[in-house]
Amino acid sequence: MHISEGVLPLTTLSAGYALSAAGTAIGLKHIREDRIVRTAMMSSTFFVASFIHVPIGPANVHLVLNGLVGLLTGRSCFVAIGIALVMQALLLQFGGITTLGVNTLNMALPALFCFLIFSPGISRGKIPLFPAGLLCGALSSLLSALLLSLSLTTAGEAFLPAAKLVLLANLPLMVVDGLITGFVLLFIGKVKPEMLKP
Amino acid sequence: MRLETFSDGNSVLHALDPRVKLFVYLPFVILTALTGELLVTAAALVTGLLLAGTARPYGKLLLKRLAVVNFFMAFLWLTLPFSVEGETVLNLSFLKMTREGLLLSLLITLKANTIALFTIALPGTSTVIALSHAMLHLRIPEKVVTLFYFFYRYIGVTGDEYEKMGQMLKARGFRALTGVHTVRVYAYFIGMLFVRSYERSERVYNALVMRGFEGRFPMLLHFSLQPRDMVFATVMSAVAISILLL
């Protein structure tokens with residue numbers, strides 16, 4: 001879930017932009033010329049995959065998969081996630097332009113974190129893929145939801161209940177994203193294992 | 001997968017220079033996002049409605065997009081009226097609804113909708129390719145724009161793949177239910193989508209190298225400011241200043 005326009009104060013918005021810009025600059029440095037196409041395509045696949053809705057009882061959740069994107073794009077995940085969010089903000093009115101920095105940070109920082117923790121073990125085959133994916137997916141969604149709630153509370157104490165409600169609403173997603181990431185890693189491990197090497 | 005839903009049309013806004021549209025769009029969005037005044041927001045909303053009316057977007061689709069914007073607002077309407085301190089308007093023994101809380105929810109909802117209208121009416125009426133060219137002209141780093149261009153180009157391809165694979169699932173009698181089976185099917189679906197994109201990215205890159213690609217595209221679209229662009233920029237600046245002075 002993205003924070004929409006008009007909620008956050010200037011300081012949070014600019015801090016989000018500053019940190020995301022730093023993350024993006026580092027990411028851009030890591031994208032060699034021969035990786036431009038791959039990073040962009042991983043990003044468009046991420047964008048398309050987020051249209052999938054998984055039913056949970058009577059409701060359904062749409063997938064985020066930022067942990068998976070972190071594993072597949074590594075240090076350039078700020079770029080991969082950022083451009084997908086620009087597109088969502090401009091064309092689909094999810095999130096927004098002023099909140100782009102904050103939203104990118106909320107999704108890409110956990111993705112980068114999960115990449116740094118899990119990727120060394122996964123690429124060397126040291127940890128089994130399913131549990132690694134499960135943890136990576138669940139942890140990245142949990143961290144994203146926490147960051148999202150945290151940024152909401154910067155708008156004032158009155159936003160605390162809303163922040164808690166948003167966090168609660170994101171918990172089912174954690175389970176689904178974890179399971180999906182686990183199975184996706186199993187699949188990629190069988191079909192195209194070199195994708196998991198940075 | 002159709003994304004540029006509002007970009008084809010023949011209104012005045014469609015004909016404007018995308019650089020001018022971005023130039024007008026950003027200050028209005030920032031102004032609206034940061035204001036705390038209901039009056040300023042209302043004035044911006046009227047401007048947004050007028051612009052969206054000029055762009056003549058398809059009504060049903062516009063409402064659908066605005067519904068997406070207002071989904072997040074539900075979380076605020078459910079909590080803010082009770083959590084903001086102020087004059088009580090409704091007392092439900094343990095919950096107190098305050099006037100200030102209601103006003104704050106209203107303000108944020110109006111702001112979000114106003115910005116959505118601006119987004120549909122200004123950048124939304126240009127094609128993504130025109131916008132990415134405009135970004136280059138506005139000195140956004142070339143690598144970012146090239147990435148964005150590839151990203152956009154392959155959303156279409158990946159989207160077609162997604163639809164084709166979706167039909168395949170349907171043909172095999174798959175129905176999404178709550179349970180591990182559905183999750184596993186979707187996960188393999190996503191895995192295949194990523195594997196295919198990965199392999200395609202290698203083929204595309206090799207094909208590009210063979211054709212002498214050096215990490216950037218030459219600019220093909222050159223914009224020239226027309227009198228109507230100047231008029232639009234002037235009028236909108238005047239509107240922005242008068243809203244600021246309200």
# chains A, B, ... in the order shown; residues from 1 in each chain; ligands from 1
>>> closest_atom_pairs(of="chain B", to="chain A", cutoff="6 Å", atoms="only C-alpha atoms", output="tab-separated table")
residue	atom	partner	partner_atom	distance
B:Ala33	CA	A:Gly6	CA	4.2
B:Phe75	CA	A:Ala162	CA	5.9
B:Leu76	CA	A:Ala162	CA	5.9
B:Thr79	CA	A:Ala162	CA	5.5
B:Ser83	CA	A:Ala158	CA	5.1
B:Val84	CA	A:Ala158	CA	5.2
B:Ile108	CA	A:Gly6	CA	5.5
B:Lys111	CA	A:Gly6	CA	5.4
B:Ala112	CA	A:Glu5	CA	5.0
B:Leu147	CA	A:Ala40	CA	5.4
B:Phe150	CA	A:Ala40	CA	5.8
B:Phe151	CA	A:Ala40	CA	4.6
B:Ile155	CA	A:Ser44	CA	5.0
B:Leu177	CA	A:Pro55	CA	6.0
B:Thr178	CA	A:Ile56	CA	5.2
B:Ala187	CA	A:Val184	CA	5.0
B:Tyr188	CA	A:Val184	CA	5.9
B:Gly191	CA	A:Val184	CA	5.0
B:Ser201	CA	A:Arg38	CA	5.1
B:Gly215	CA	A:Glu33	CA	5.8
>>> select_by_dssp(residues="region 5-242 of chain B", states="strand (DSSP E)", output="list in words")
Thr88, Val89, Leu90, Asn91, Leu92, Leu95, Lys96, Met97 and Thr98 of chain B
>>> write_last_selection(atoms="N, CA and C atoms", output="PDB file, in the first residue's frame")
ATOM      1  N   THR B  88     -16.458  18.248  20.264  1.00  0.00           N
ATOM      2  CA  THR B  88     -17.153  16.989  20.003  1.00  0.00           C
ATOM      3  C   THR B  88     -18.450  17.249  19.244  1.00  0.00           C
ATOM      4  N   VAL B  89     -18.681  16.496  18.171  1.00  0.00           N
ATOM      5  CA  VAL B  89     -19.946  16.636  17.458  1.00  0.00           C
ATOM      6  C   VAL B  89     -20.825  15.416  17.650  1.00  0.00           C
ATOM      7  N   LEU B  90     -20.212  14.299  17.974  1.00  0.00           N
ATOM      8  CA  LEU B  90     -20.989  13.077  18.151  1.00  0.00           C
ATOM      9  C   LEU B  90     -20.338  12.293  19.277  1.00  0.00           C
ATOM     10  N   ASN B  91     -21.140  11.930  20.278  1.00  0.00           N
ATOM     11  CA  ASN B  91     -20.565  11.229  21.423  1.00  0.00           C
ATOM     12  C   ASN B  91     -21.117   9.815  21.500  1.00  0.00           C
ATOM     13  N   LEU B  92     -20.255   8.842  21.230  1.00  0.00           N
ATOM     14  CA  LEU B  92     -20.695   7.445  21.279  1.00  0.00           C
ATOM     15  C   LEU B  92     -20.091   6.788  22.515  1.00  0.00           C
ATOM     16  N   LEU B  95     -16.301   6.575  22.159  1.00  0.00           N
ATOM     17  CA  LEU B  95     -15.676   7.280  21.033  1.00  0.00           C
ATOM     18  C   LEU B  95     -16.275   8.676  20.900  1.00  0.00           C
ATOM     19  N   LYS B  96     -15.391   9.642  20.679  1.00  0.00           N
ATOM     20  CA  LYS B  96     -15.870  11.004  20.457  1.00  0.00           C
ATOM     21  C   LYS B  96     -15.443  11.455  19.074  1.00  0.00           C
ATOM     22  N   MET B  97     -16.437  11.832  18.267  1.00  0.00           N
ATOM     23  CA  MET B  97     -16.106  12.320  16.941  1.00  0.00           C
ATOM     24  C   MET B  97     -15.960  13.834  17.027  1.00  0.00           C
ATOM     25  N   THR B  98     -14.833  14.359  16.528  1.00  0.00           N
ATOM     26  CA  THR B  98     -14.636  15.794  16.659  1.00  0.00           C
ATOM     27  C   THR B  98     -14.780  16.496  15.315  1.00  0.00           C
TER      28      THR B  98
END
>>> residues_around(residues="Leu45 (chain B)", least_positions_apart="6", cutoff="9 Å", atoms="only C-alpha atoms", output="JSON, numbers by chain")
{"B": [32, 110, 111, 113, 114, 115, 117, 118]}
>>> write_last_selection(atoms="C-alpha atoms", output="compact mmCIF listing (two decimals), in the first residue's frame")
# COMPACT_ATOMS: atom_id res chain seq x y z
CA THR B 32 -1.90 21.42 -2.97
CA LEU B 110 -9.97 16.85 -1.21
CA LYS B 111 -6.22 17.31 -1.56
CA ASN B 113 -8.51 14.00 -5.30
CA THR B 114 -7.34 17.38 -6.55
CA ILE B 115 -3.85 16.05 -7.22
CA LEU B 117 -7.28 15.29 -11.25
CA PHE B 118 -4.16 17.35 -12.03
>>> closest_residue(among="A:Ala138, A:Leu196, A:Ser144, A:Pro172", to="His62 (chain A)", atoms="only C-alpha atoms")
A:Pro172
>>> atom_distance(atom1="CA of Cys136 (chain A)", atom2="CA of Leu112 (chain A)")
10.8 Å
>>> closest_residue(among="B:Tyr154, B:Gly179, B:Ser237, B:Tyr162", to="Arg200 (chain B)", atoms="only C-alpha atoms")
B:Tyr154
>>> residues_around(residues="Gly178 (chain A)", least_positions_apart="6", cutoff="8 Å", atoms="only C-alpha atoms", output="list of chain:residue names")
A:Gly133, A:Leu134, A:Leu135, A:Cys136, A:Gly137, A:Ala138, A:Leu139
>>> select_by_dssp(residues="region 22-220 of chain B", states="helix (DSSP H, G or I)", output="ChimeraX atom specification")
/B:22-34,38-55,59-83,99-121,123-125,128-137,142-171,180-210
>>> residues_around(residues="Thr5 (chain B)", least_positions_apart="3", cutoff="12 Å", atoms="only C-alpha atoms", output="PyMOL selection string")
(chain A and resi 90-93) or (chain B and resi 1-2+8-9+57-62+64-65+120-121+123-128)
>>> atom_distance(atom1="CA of Arg56 (chain B)", atom2="CA of Met236 (chain B)")
18.4 Å
>>> residues_around(residues="Ser132 (chain B)", least_positions_apart="4", cutoff="9 Å", atoms="only C-alpha atoms", output="short mmCIF file (atom, residue, chain, number, x, y, z; two decimals) with N, CA and C atoms, in the first residue's frame")
data_model
loop_
_atom_site.label_atom_id
_atom_site.label_comp_id
_atom_site.auth_asym_id
_atom_site.auth_seq_id
_atom_site.Cartn_x
_atom_site.Cartn_y
_atom_site.Cartn_z
N THR B 127 1.70 11.14 -24.02
CA THR B 127 2.11 9.73 -24.04
C THR B 127 3.36 9.59 -23.18
N VAL B 128 3.62 8.38 -22.71
CA VAL B 128 4.78 8.14 -21.86
C VAL B 128 6.07 8.45 -22.62
N LEU B 136 14.13 14.15 -20.47
CA LEU B 136 15.50 14.36 -20.96
C LEU B 136 15.77 15.84 -21.17
N HIS B 137 14.77 16.53 -21.77
CA HIS B 137 14.93 17.97 -22.01
C HIS B 137 15.04 18.73 -20.70
N VAL B 145 16.36 7.86 -17.72
CA VAL B 145 15.35 7.94 -18.77
C VAL B 145 15.42 6.71 -19.67
N THR B 146 16.64 6.25 -19.96
CA THR B 146 16.78 5.03 -20.78
C THR B 146 16.14 3.84 -20.06
N PHE B 148 13.80 3.96 -17.84
CA PHE B 148 12.36 4.17 -17.82
C PHE B 148 11.75 3.79 -19.16
N TYR B 149 12.49 4.13 -20.22
CA TYR B 149 12.00 3.81 -21.55
C TYR B 149 11.88 2.30 -21.74
#
>>> atom_distance(atom1="CA of Thr41 (chain B)", atom2="CA of Leu104 (chain B)")
11.8 Å
>>> decode(residues="region 41-195 of chain B", atoms="C-alpha atoms", output="compact mmCIF listing (two decimals), in the first residue's frame")
# COMPACT_ATOMS: atom_id res chain seq x y z
CA THR B 41 -7.62 23.26 -1.44
CA ALA B 42 -11.08 24.11 -2.72
CA ALA B 43 -9.65 26.63 -5.20
CA ALA B 44 -7.12 24.06 -6.39
CA LEU B 45 -9.90 21.48 -6.68
CA VAL B 46 -11.92 23.82 -8.89
CA THR B 47 -8.83 24.38 -11.08
CA GLY B 48 -8.28 20.62 -11.24
CA LEU B 49 -11.91 20.00 -12.19
CA LEU B 50 -11.75 22.67 -14.91
CA LEU B 51 -8.54 21.16 -16.32
CA ALA B 52 -9.91 17.63 -16.19
CA GLY B 53 -13.08 18.91 -17.88
CA THR B 54 -10.97 20.50 -20.62
CA ALA B 55 -9.12 17.23 -21.16
CA ARG B 56 -12.48 15.50 -21.58
CA PRO B 57 -11.45 12.13 -20.17
CA TYR B 58 -13.78 9.19 -20.28
CA GLY B 59 -16.10 9.70 -17.33
CA LYS B 60 -16.43 6.14 -16.14
CA LEU B 61 -12.71 5.51 -16.20
CA LEU B 62 -12.02 8.76 -14.39
CA LEU B 63 -14.37 7.73 -11.57
CA LYS B 64 -12.67 4.33 -11.38
CA ARG B 65 -9.28 5.97 -10.96
CA LEU B 66 -10.60 8.32 -8.31
CA ALA B 67 -12.05 5.33 -6.46
CA VAL B 68 -8.52 3.94 -6.21
CA VAL B 69 -7.33 7.22 -4.71
CA ASN B 70 -10.10 7.18 -2.14
CA PHE B 71 -9.42 3.64 -0.96
CA PHE B 72 -6.54 4.87 1.20
CA MET B 73 -8.79 7.66 2.49
CA ALA B 74 -11.04 5.06 4.12
CA PHE B 75 -8.29 4.38 6.65
CA LEU B 76 -8.19 8.07 7.54
CA TRP B 77 -11.98 8.51 7.77
CA LEU B 78 -12.14 5.48 10.07
CA THR B 79 -9.60 6.86 12.51
CA LEU B 80 -8.96 10.61 12.25
CA PRO B 81 -12.41 11.90 13.33
CA PHE B 82 -11.91 10.06 16.61
CA SER B 83 -8.24 10.71 17.22
CA VAL B 84 -8.03 14.48 16.65
CA GLU B 85 -8.75 16.55 19.77
CA GLY B 86 -11.40 19.23 19.49
CA GLU B 87 -15.04 20.14 19.67
CA THR B 88 -17.15 16.99 20.00
CA VAL B 89 -19.95 16.64 17.46
CA LEU B 90 -20.99 13.08 18.15
CA ASN B 91 -20.56 11.23 21.42
CA LEU B 92 -20.70 7.44 21.28
CA SER B 93 -19.87 6.87 24.97
CA PHE B 94 -16.32 5.55 24.37
CA LEU B 95 -15.68 7.28 21.03
CA LYS B 96 -15.87 11.00 20.46
CA MET B 97 -16.11 12.32 16.94
CA THR B 98 -14.64 15.79 16.66
CA ARG B 99 -15.30 18.62 14.23
CA GLU B 100 -11.56 19.15 13.73
CA GLY B 101 -11.06 15.46 12.94
CA LEU B 102 -13.81 15.48 10.34
CA LEU B 103 -12.42 18.66 8.78
CA LEU B 104 -8.91 17.18 8.60
CA SER B 105 -10.23 14.02 6.90
CA LEU B 106 -12.18 16.17 4.45
CA LEU B 107 -9.12 18.34 3.75
CA ILE B 108 -6.87 15.36 3.02
CA THR B 109 -9.49 13.68 0.84
CA LEU B 110 -9.97 16.85 -1.21
CA LYS B 111 -6.22 17.31 -1.56
CA ALA B 112 -5.67 13.76 -2.80
CA ASN B 113 -8.51 14.00 -5.30
CA THR B 114 -7.34 17.38 -6.55
CA ILE B 115 -3.85 16.05 -7.22
CA ALA B 116 -5.28 12.99 -8.97
CA LEU B 117 -7.28 15.29 -11.25
CA PHE B 118 -4.16 17.35 -12.03
CA THR B 119 -2.23 14.16 -12.78
CA ILE B 120 -4.85 12.90 -15.19
CA ALA B 121 -5.31 16.27 -16.88
CA LEU B 122 -1.64 17.26 -17.29
CA PRO B 123 0.95 14.46 -17.54
CA GLY B 124 -1.87 11.99 -18.16
CA THR B 125 -2.75 13.61 -21.48
CA SER B 126 0.76 13.06 -22.89
CA THR B 127 2.11 9.73 -24.04
CA VAL B 128 4.78 8.14 -21.86
CA ILE B 129 7.28 8.42 -24.71
CA ALA B 130 6.64 12.17 -24.98
CA LEU B 131 7.00 12.49 -21.21
CA SER B 132 10.28 10.60 -21.12
CA HIS B 133 11.60 12.86 -23.87
CA ALA B 134 10.41 15.84 -21.88
CA MET B 135 12.31 14.46 -18.87
CA LEU B 136 15.50 14.36 -20.96
CA HIS B 137 14.93 17.97 -22.01
CA LEU B 138 14.48 18.85 -18.34
CA ARG B 139 17.93 17.37 -17.54
CA ILE B 140 16.91 14.17 -15.76
CA PRO B 141 19.95 11.81 -15.98
CA GLU B 142 20.05 9.92 -19.26
CA LYS B 143 20.50 6.52 -17.64
CA VAL B 144 17.28 6.97 -15.67
CA VAL B 145 15.35 7.94 -18.77
CA THR B 146 16.78 5.03 -20.78
CA LEU B 147 15.81 2.66 -17.97
CA PHE B 148 12.36 4.17 -17.82
CA TYR B 149 12.00 3.81 -21.55
CA PHE B 150 12.90 0.09 -21.49
CA PHE B 151 10.71 -0.39 -18.43
CA TYR B 152 7.75 1.10 -20.24
CA ARG B 153 8.44 -0.73 -23.48
CA TYR B 154 8.53 -4.12 -21.75
CA ILE B 155 5.50 -3.60 -19.54
CA GLY B 156 3.51 -4.09 -22.71
CA VAL B 157 5.36 -7.29 -23.61
CA THR B 158 5.30 -8.70 -20.07
CA GLY B 159 1.64 -7.70 -19.78
CA ASP B 160 0.81 -9.69 -22.93
CA GLU B 161 2.71 -12.64 -21.49
CA TYR B 162 0.75 -12.26 -18.26
CA GLU B 163 -2.56 -12.29 -20.10
CA LYS B 164 -1.58 -15.27 -22.24
CA MET B 165 -0.50 -17.28 -19.20
CA GLY B 166 -3.69 -16.25 -17.41
CA GLN B 167 -5.77 -17.69 -20.26
CA MET B 168 -3.69 -20.84 -20.08
CA LEU B 169 -4.56 -21.23 -16.39
CA LYS B 170 -8.22 -20.66 -17.17
CA ALA B 171 -8.18 -23.22 -19.96
CA ARG B 172 -6.85 -25.76 -17.48
CA GLY B 173 -9.71 -25.03 -15.09
CA PHE B 174 -7.76 -23.06 -12.49
CA ARG B 175 -9.79 -21.01 -10.03
CA ALA B 176 -8.24 -18.80 -7.38
CA LEU B 177 -9.27 -19.99 -3.91
CA THR B 178 -7.88 -19.48 -0.43
CA GLY B 179 -5.20 -22.10 0.06
CA VAL B 180 -1.70 -23.28 -0.58
CA HIS B 181 -2.56 -24.68 -4.00
CA THR B 182 -3.55 -21.25 -5.33
CA VAL B 183 -0.47 -19.67 -3.77
CA ARG B 184 1.78 -22.28 -5.36
CA VAL B 185 0.20 -21.87 -8.80
CA TYR B 186 0.55 -18.10 -8.62
CA ALA B 187 4.15 -18.41 -7.42
CA TYR B 188 5.13 -20.64 -10.37
CA PHE B 189 3.25 -18.23 -12.62
CA ILE B 190 5.27 -15.30 -11.28
CA GLY B 191 8.48 -17.31 -11.38
CA MET B 192 7.88 -18.10 -15.05
CA LEU B 193 7.12 -14.44 -15.75
CA PHE B 194 10.46 -13.42 -14.19
CA VAL B 195 12.40 -16.21 -15.93
